[in-house]
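For reference, the structure discussed in these notes is given below.
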Amino acid sequence: MLQYFDGLQFPGHNLMSYISFRAGMSFALSMLIALIFGSRIIRRLQKMQVGEVVRNLGLEGQMSKTGTPTMGGVIIILSILLSCFLFADLSNIYMILMIVATIWMGTIGFLDDYRKLKFHNKDGLKGKYKIIGQVGLGLIVGVTMWLSPDIVMSKNVEIENARSHETEIIVEKNEIKSPQTTIPFVKNNNFNYEWLTSWISNKYAARTLGWLVFVLVVVLVVAAVSNGANLTDGLDGLCAGTSAIIGVALLIMAYLGGNVIYSSYLNIMYIPGSSELVVYAGAFIGALVGFLWYNTFPAQVFMGDTGSLTLGGILAVFAILIRKELLIPLLCLIFFLEDVSVMMQVGYYKYTKKKYGEGRRIFKMTPLHHHFQKPAEPGSNVLWKRPFNPIPESKIVVRFWIVGILLAALTFVTLKIR
């Protein structure tokens with residue numbers, strides 16, 4: 001439509017050529033869709049009696065959540081997709097992969113929620129099927145990045161000015177196909193997975209194996225972040241708010257890495273065509289902000305696995321596409337700690353039960369956010385009992401948000417420490 005106005009010299013006809021304009025519009029539209037249609041979707045879910053099944057775990061205010069509509073992740077997914085369909089370049093390979101990731105993980109989450117509601121239990125889709133779905137998405141993304149001719153990168157080169165003797169950073173015009181990624185604390189912030197296989201004498205085999213290692217890392221990152229987001233979705237507004245903060249950090253990274261001027265000035269990896277991801281990030285953040293209107297304490301709707309699995313998958317794939325997957329452990333540390341707290345709790349319980357005949361715990365309850373909700377019980381076999389008194393849910397959520405902001409800031413700081 002705006003190309004048609006271009007021929008008429010209609011005022012503002014050229015705005016769609018600016019990434020910043022389209023990103024801003026996708027943010028605004030996505031948020032408005034979530035705000036306007038969110039209430040209608042919630043009422044529809046209530047009529048369908050799509051209510052959360054809550055087990056009594058002895059947490060304050062927990063049972064009052066029973067019957068609250070779930071599967072609200074549909075609001076987030078629709079808001080993102082509609083905004084991207086209107087403002088994004090749908091021929092861009094990066095945008096295509098993000099849309100595939102959104103629909104793919106949304107489908108897995110929807111099936112999980114559907115089974116929970118249909119059979120009135122908390123099991124939902126079997127864990128192995130979730131893992132198969134996450135591995136499948138990781139393979140799609142990893143192999144596409146390997147084989148697609150549209151996914152390339154450009155090297156930064158240092159040039160010394162003969163007169164001023166100052167070193168300048170420029171981006172090479174020649175684009176290369178390489179499994180490189182960004183790491184902190186080194187001069188050029190780049191790590192090549194092919195270095196892990198450089199000991200192989202056959203260069204073609206070494207290069208192929210390097211890409212296979214990259215694909216394996218992609219699969220692990222998608223599964224870990226998706227499950228971490230799923231576990232984080234236990235308090236009103238926790239997962240949505242934390243994901244929005246991470247989304248803002250990734251948006252900034254995508255904007256800088258997709259701009260040849262900023263990437264050369266800051267000496268960071270330039271990825272041609274990846275700037276289109278800024279439009280997706282705008283829609284993603286807008287959808288989450290709009291969803292928080294209904295999801296903050298006390299929540300009118302839960303995102304369910306439809307939302308949490310999708311959010312984790314989106315953040316993982318986005319970070320991978322802009323070659324920042326190795327920054328995930330710091331940027332998404334909250335998700336990582338939620339994951340690890342469950343694994344530590346289960347492992348320690350099994351170990352102590354086998355050794356002492358009685359299972360013991362490290363935390364009062366996992367995932368980690370529930371630890372702060374539960375009061376300390378006198379005489380309980382728990383290693384970490386603090387805080388002794390439960391912290392209100394809304395305060396836990398805001399504190400996790402604050403930690404998320406700090407982690408995002410530290411992620412940028414580590415890239416500057418070389």
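FYI, nothing fancy with the structure tokens labels: chains A, B, ... in order, residues from 1 per chain, ligands from 1 as they appear.
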Margin query: Using DSSP secondary structure from the backbone, list all strand (DSSP E) positions within region 30-219 of chain A, as an MDAnalysis selection string.
Written below: chainID A and resid 153:160 167:176 180:182 190:192
Notebook entry, point to check: Any idea what's packed within 7 Å of region 362-377 of chain A, counting only C-alpha atoms, ignoring anything in its chain fewer than 2 positions away? Could you give it as a VMD selection string?
Noted result: chain A and resid 59 231 338 341 to 342 345 379 to 380 382 to 385 387 to 393
Save the residues we just selected, all heavy atoms, as a short mmCIF file (atom, residue, chain, number, x, y, z; two decimals), in the first residue's frame?
data_model
loop_
_atom_site.label_atom_id
_atom_site.label_comp_id
_atom_site.auth_asym_id
_atom_site.auth_seq_id
_atom_site.Cartn_x
_atom_site.Cartn_y
_atom_site.Cartn_z
N LEU A 59 1.02 -22.65 49.70
CA LEU A 59 1.52 -21.30 49.45
C LEU A 59 0.39 -20.30 49.63
O LEU A 59 -0.76 -20.56 49.26
CB LEU A 59 2.09 -21.20 48.04
CG LEU A 59 3.23 -22.17 47.70
CD1 LEU A 59 3.64 -22.01 46.25
CD2 LEU A 59 4.42 -21.95 48.62
N LEU A 231 9.35 -23.12 33.49
CA LEU A 231 9.43 -23.24 34.94
C LEU A 231 9.27 -21.89 35.64
O LEU A 231 8.77 -21.81 36.76
CB LEU A 231 10.78 -23.86 35.34
CG LEU A 231 10.98 -25.34 34.97
CD1 LEU A 231 12.42 -25.76 35.27
CD2 LEU A 231 10.01 -26.22 35.74
N GLU A 338 16.16 -21.21 37.58
CA GLU A 338 14.92 -21.97 37.77
C GLU A 338 15.13 -23.42 37.32
O GLU A 338 14.67 -24.36 37.99
CB GLU A 338 13.79 -21.32 36.96
CG GLU A 338 13.45 -19.89 37.36
CD GLU A 338 12.50 -19.82 38.55
OE1 GLU A 338 12.44 -20.78 39.33
OE2 GLU A 338 11.82 -18.80 38.70
N SER A 341 17.65 -25.13 39.85
CA SER A 341 17.08 -25.36 41.18
C SER A 341 16.27 -26.65 41.22
O SER A 341 16.34 -27.41 42.20
CB SER A 341 16.21 -24.17 41.61
OG SER A 341 15.05 -24.07 40.81
N VAL A 342 15.52 -26.92 40.16
CA VAL A 342 14.73 -28.15 40.09
C VAL A 342 15.64 -29.37 39.99
O VAL A 342 15.44 -30.38 40.70
CB VAL A 342 13.76 -28.10 38.88
CG1 VAL A 342 13.05 -29.44 38.72
CG2 VAL A 342 12.74 -26.99 39.06
N GLN A 345 17.38 -29.93 43.34
CA GLN A 345 16.44 -30.43 44.35
C GLN A 345 16.17 -31.92 44.16
O GLN A 345 16.22 -32.71 45.11
CB GLN A 345 15.14 -29.64 44.27
CG GLN A 345 14.14 -29.95 45.37
CD GLN A 345 14.34 -29.09 46.58
OE1 GLN A 345 15.47 -28.82 46.98
NE2 GLN A 345 13.24 -28.66 47.18
N GLY A 379 12.30 -27.82 62.07
CA GLY A 379 12.67 -29.23 62.03
C GLY A 379 12.68 -29.86 60.65
O GLY A 379 12.92 -31.06 60.52
N SER A 380 12.41 -29.09 59.61
CA SER A 380 12.38 -29.65 58.25
C SER A 380 13.80 -29.89 57.75
O SER A 380 14.74 -29.18 58.13
CB SER A 380 11.65 -28.71 57.30
OG SER A 380 12.31 -27.46 57.25
N VAL A 382 15.72 -29.12 55.32
CA VAL A 382 15.99 -28.18 54.23
C VAL A 382 17.29 -27.46 54.53
O VAL A 382 17.49 -26.92 55.61
CB VAL A 382 14.84 -27.15 54.08
CG1 VAL A 382 15.17 -26.15 52.99
CG2 VAL A 382 13.53 -27.86 53.77
N LEU A 383 18.21 -27.44 53.56
CA LEU A 383 19.50 -26.80 53.77
C LEU A 383 19.39 -25.28 53.84
O LEU A 383 19.98 -24.63 54.70
CB LEU A 383 20.47 -27.20 52.65
CG LEU A 383 20.96 -28.65 52.64
CD1 LEU A 383 21.92 -28.87 51.47
CD2 LEU A 383 21.65 -28.99 53.96
N TRP A 384 18.64 -24.69 52.89
CA TRP A 384 18.53 -23.22 52.81
C TRP A 384 17.12 -22.82 53.26
O TRP A 384 16.17 -22.98 52.52
CB TRP A 384 18.81 -22.75 51.38
CG TRP A 384 18.82 -21.27 51.24
CD1 TRP A 384 19.08 -20.35 52.19
CD2 TRP A 384 18.52 -20.52 50.05
NE1 TRP A 384 18.98 -19.08 51.69
CE2 TRP A 384 18.65 -19.16 50.37
CE3 TRP A 384 18.19 -20.89 48.75
CZ2 TRP A 384 18.43 -18.15 49.43
CZ3 TRP A 384 17.99 -19.88 47.82
CH2 TRP A 384 18.10 -18.54 48.16
N LYS A 385 17.01 -22.32 54.48
CA LYS A 385 15.71 -22.00 55.05
C LYS A 385 15.34 -20.52 54.94
O LYS A 385 14.20 -20.15 55.18
CB LYS A 385 15.65 -22.43 56.51
CG LYS A 385 15.79 -23.93 56.69
CD LYS A 385 15.66 -24.33 58.15
CE LYS A 385 15.79 -25.85 58.32
NZ LYS A 385 15.66 -26.26 59.74
N PRO A 387 14.43 -17.00 53.16
CA PRO A 387 13.86 -16.24 54.29
C PRO A 387 12.91 -17.10 55.11
O PRO A 387 12.22 -17.95 54.57
CB PRO A 387 13.12 -15.09 53.59
CG PRO A 387 12.71 -15.66 52.28
CD PRO A 387 13.81 -16.60 51.88
N PHE A 388 12.88 -16.87 56.41
CA PHE A 388 12.04 -17.69 57.28
C PHE A 388 10.56 -17.38 57.08
O PHE A 388 9.71 -18.26 57.20
CB PHE A 388 12.43 -17.48 58.74
CG PHE A 388 13.84 -17.92 59.04
CD1 PHE A 388 14.84 -16.99 59.28
CD2 PHE A 388 14.17 -19.27 59.07
CE1 PHE A 388 16.14 -17.39 59.55
CE2 PHE A 388 15.47 -19.68 59.35
CZ PHE A 388 16.46 -18.74 59.58
N ASN A 389 10.26 -16.11 56.79
CA ASN A 389 8.87 -15.71 56.55
C ASN A 389 8.63 -15.56 55.05
O ASN A 389 9.51 -15.12 54.31
CB ASN A 389 8.56 -14.38 57.25
CG ASN A 389 8.71 -14.49 58.76
OD1 ASN A 389 8.29 -15.48 59.36
ND2 ASN A 389 9.32 -13.48 59.38
N PRO A 390 7.44 -15.93 54.60
CA PRO A 390 7.16 -15.84 53.15
C PRO A 390 7.14 -14.39 52.67
O PRO A 390 6.72 -13.48 53.39
CB PRO A 390 5.78 -16.49 53.03
CG PRO A 390 5.16 -16.36 54.38
CD PRO A 390 6.28 -16.46 55.36
N ILE A 391 7.61 -14.18 51.45
CA ILE A 391 7.61 -12.86 50.83
C ILE A 391 6.38 -12.76 49.93
O ILE A 391 6.06 -13.71 49.22
CB ILE A 391 8.89 -12.66 50.00
CG1 ILE A 391 10.13 -12.76 50.89
CG2 ILE A 391 8.87 -11.30 49.28
CD1 ILE A 391 11.44 -12.68 50.14
N PRO A 392 5.67 -11.62 49.96
CA PRO A 392 4.48 -11.48 49.10
C PRO A 392 4.81 -11.71 47.63
O PRO A 392 5.90 -11.35 47.15
CB PRO A 392 4.04 -10.03 49.35
CG PRO A 392 4.58 -9.69 50.70
CD PRO A 392 5.87 -10.44 50.82
N GLU A 393 3.88 -12.29 46.92
CA GLU A 393 4.09 -12.67 45.53
C GLU A 393 4.50 -11.49 44.66
O GLU A 393 5.44 -11.58 43.86
CB GLU A 393 2.82 -13.32 44.97
CG GLU A 393 2.92 -13.73 43.51
CD GLU A 393 1.69 -14.47 43.03
OE1 GLU A 393 0.92 -14.96 43.87
OE2 GLU A 393 1.49 -14.55 41.80
#
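Of the residues under consideration (A:Met344, A:Lys395, A:Met269, A:Pro184), A:Pro184 shows the shortest atom-to-atom contact distance to Thr411 (chain A) when counting only C-alpha atoms.
Across A:Pro69, A:Gly357, A:Gly237, A:Pro179, the tightest approach to Val152 (chain A) is made by A:Pro179 when counting only C-alpha atoms.
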Note to self: I'd like the contact shell of Gly210 (chain A) - 10 Å cut-off, only C-alpha atoms, skipping same-chain residues fewer than 4 positions apart - returned as a ChimeraX atom specification.
What the structure shows: /A:178-180,192-198,204-206,214-216
Generate the output file for the selected residues, C-alpha atoms, as a compact mmCIF listing (two decimals), in the first residue's frame.
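The file below, result.txt, is the result:
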# COMPACT_ATOMS: atom_id res chain seq x y z
CA SER A 178 30.85 -19.19 9.13
CA PRO A 179 29.57 -20.69 12.43
CA GLN A 180 30.83 -17.79 14.48
CA ASN A 192 34.30 -19.85 15.70
CA TYR A 193 32.93 -23.34 16.32
CA GLU A 194 35.27 -24.59 13.60
CA TRP A 195 38.16 -23.95 15.99
CA LEU A 196 36.94 -26.94 18.01
CA THR A 197 37.50 -29.19 15.00
CA SER A 198 40.66 -27.58 13.60
CA TYR A 204 36.02 -29.85 4.49
CA ALA A 205 35.41 -32.43 7.23
CA ALA A 206 36.59 -29.98 9.91
CA PHE A 214 26.97 -25.39 16.17
CA VAL A 215 23.68 -27.19 15.39
CA LEU A 216 24.06 -29.23 18.59
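Residues lying within 10 Å of Thr310 (chain A), counting only C-alpha atoms and ignoring same-chain neighbours fewer than 4 positions away, are Gly73, Val74, Ile76, Ile77, Ala101, Thr102, Ile103, Trp104, Met105, Gly106, Thr107, Ile108, Gly109, Phe110, Ser226, Asn227, Ala229, Asn230, Met303, Gly304, Asp305, Thr306, Ile314, Leu315 and Ala316 of chain A.
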Note to self: Please determine, counting only C-alpha atoms, which residue among A:Pro149, A:Gly136, A:Gly124, A:Gly38 has the shortest atom-to-atom distance to Ile176 (chain A).
What the structure shows: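 Nearest candidate to Ile176 (chain A) out of A:Pro149, A:Gly136, A:Gly124, A:Gly38: A:Pro149.
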Item checked: Nearest candidate to Ala409 (chain A) (options A:Leu250, A:Leu266, A:Ala319, A:Leu311; using only C-alpha atoms) ->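 For Ala409 (chain A), the nearest of the given residues is A:Leu250.
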Next item on the list: Apply DSSP to the backbone of this structure and, from region 22-261 of chain A, keep only the residues in helix (DSSP H, G or I); write these as a VMD selection string.
Entry: chain A and resid 22 to 47 63 to 65 73 to 87 93 to 119 127 to 147 193 to 197 203 to 232 238 to 257 260 to 261
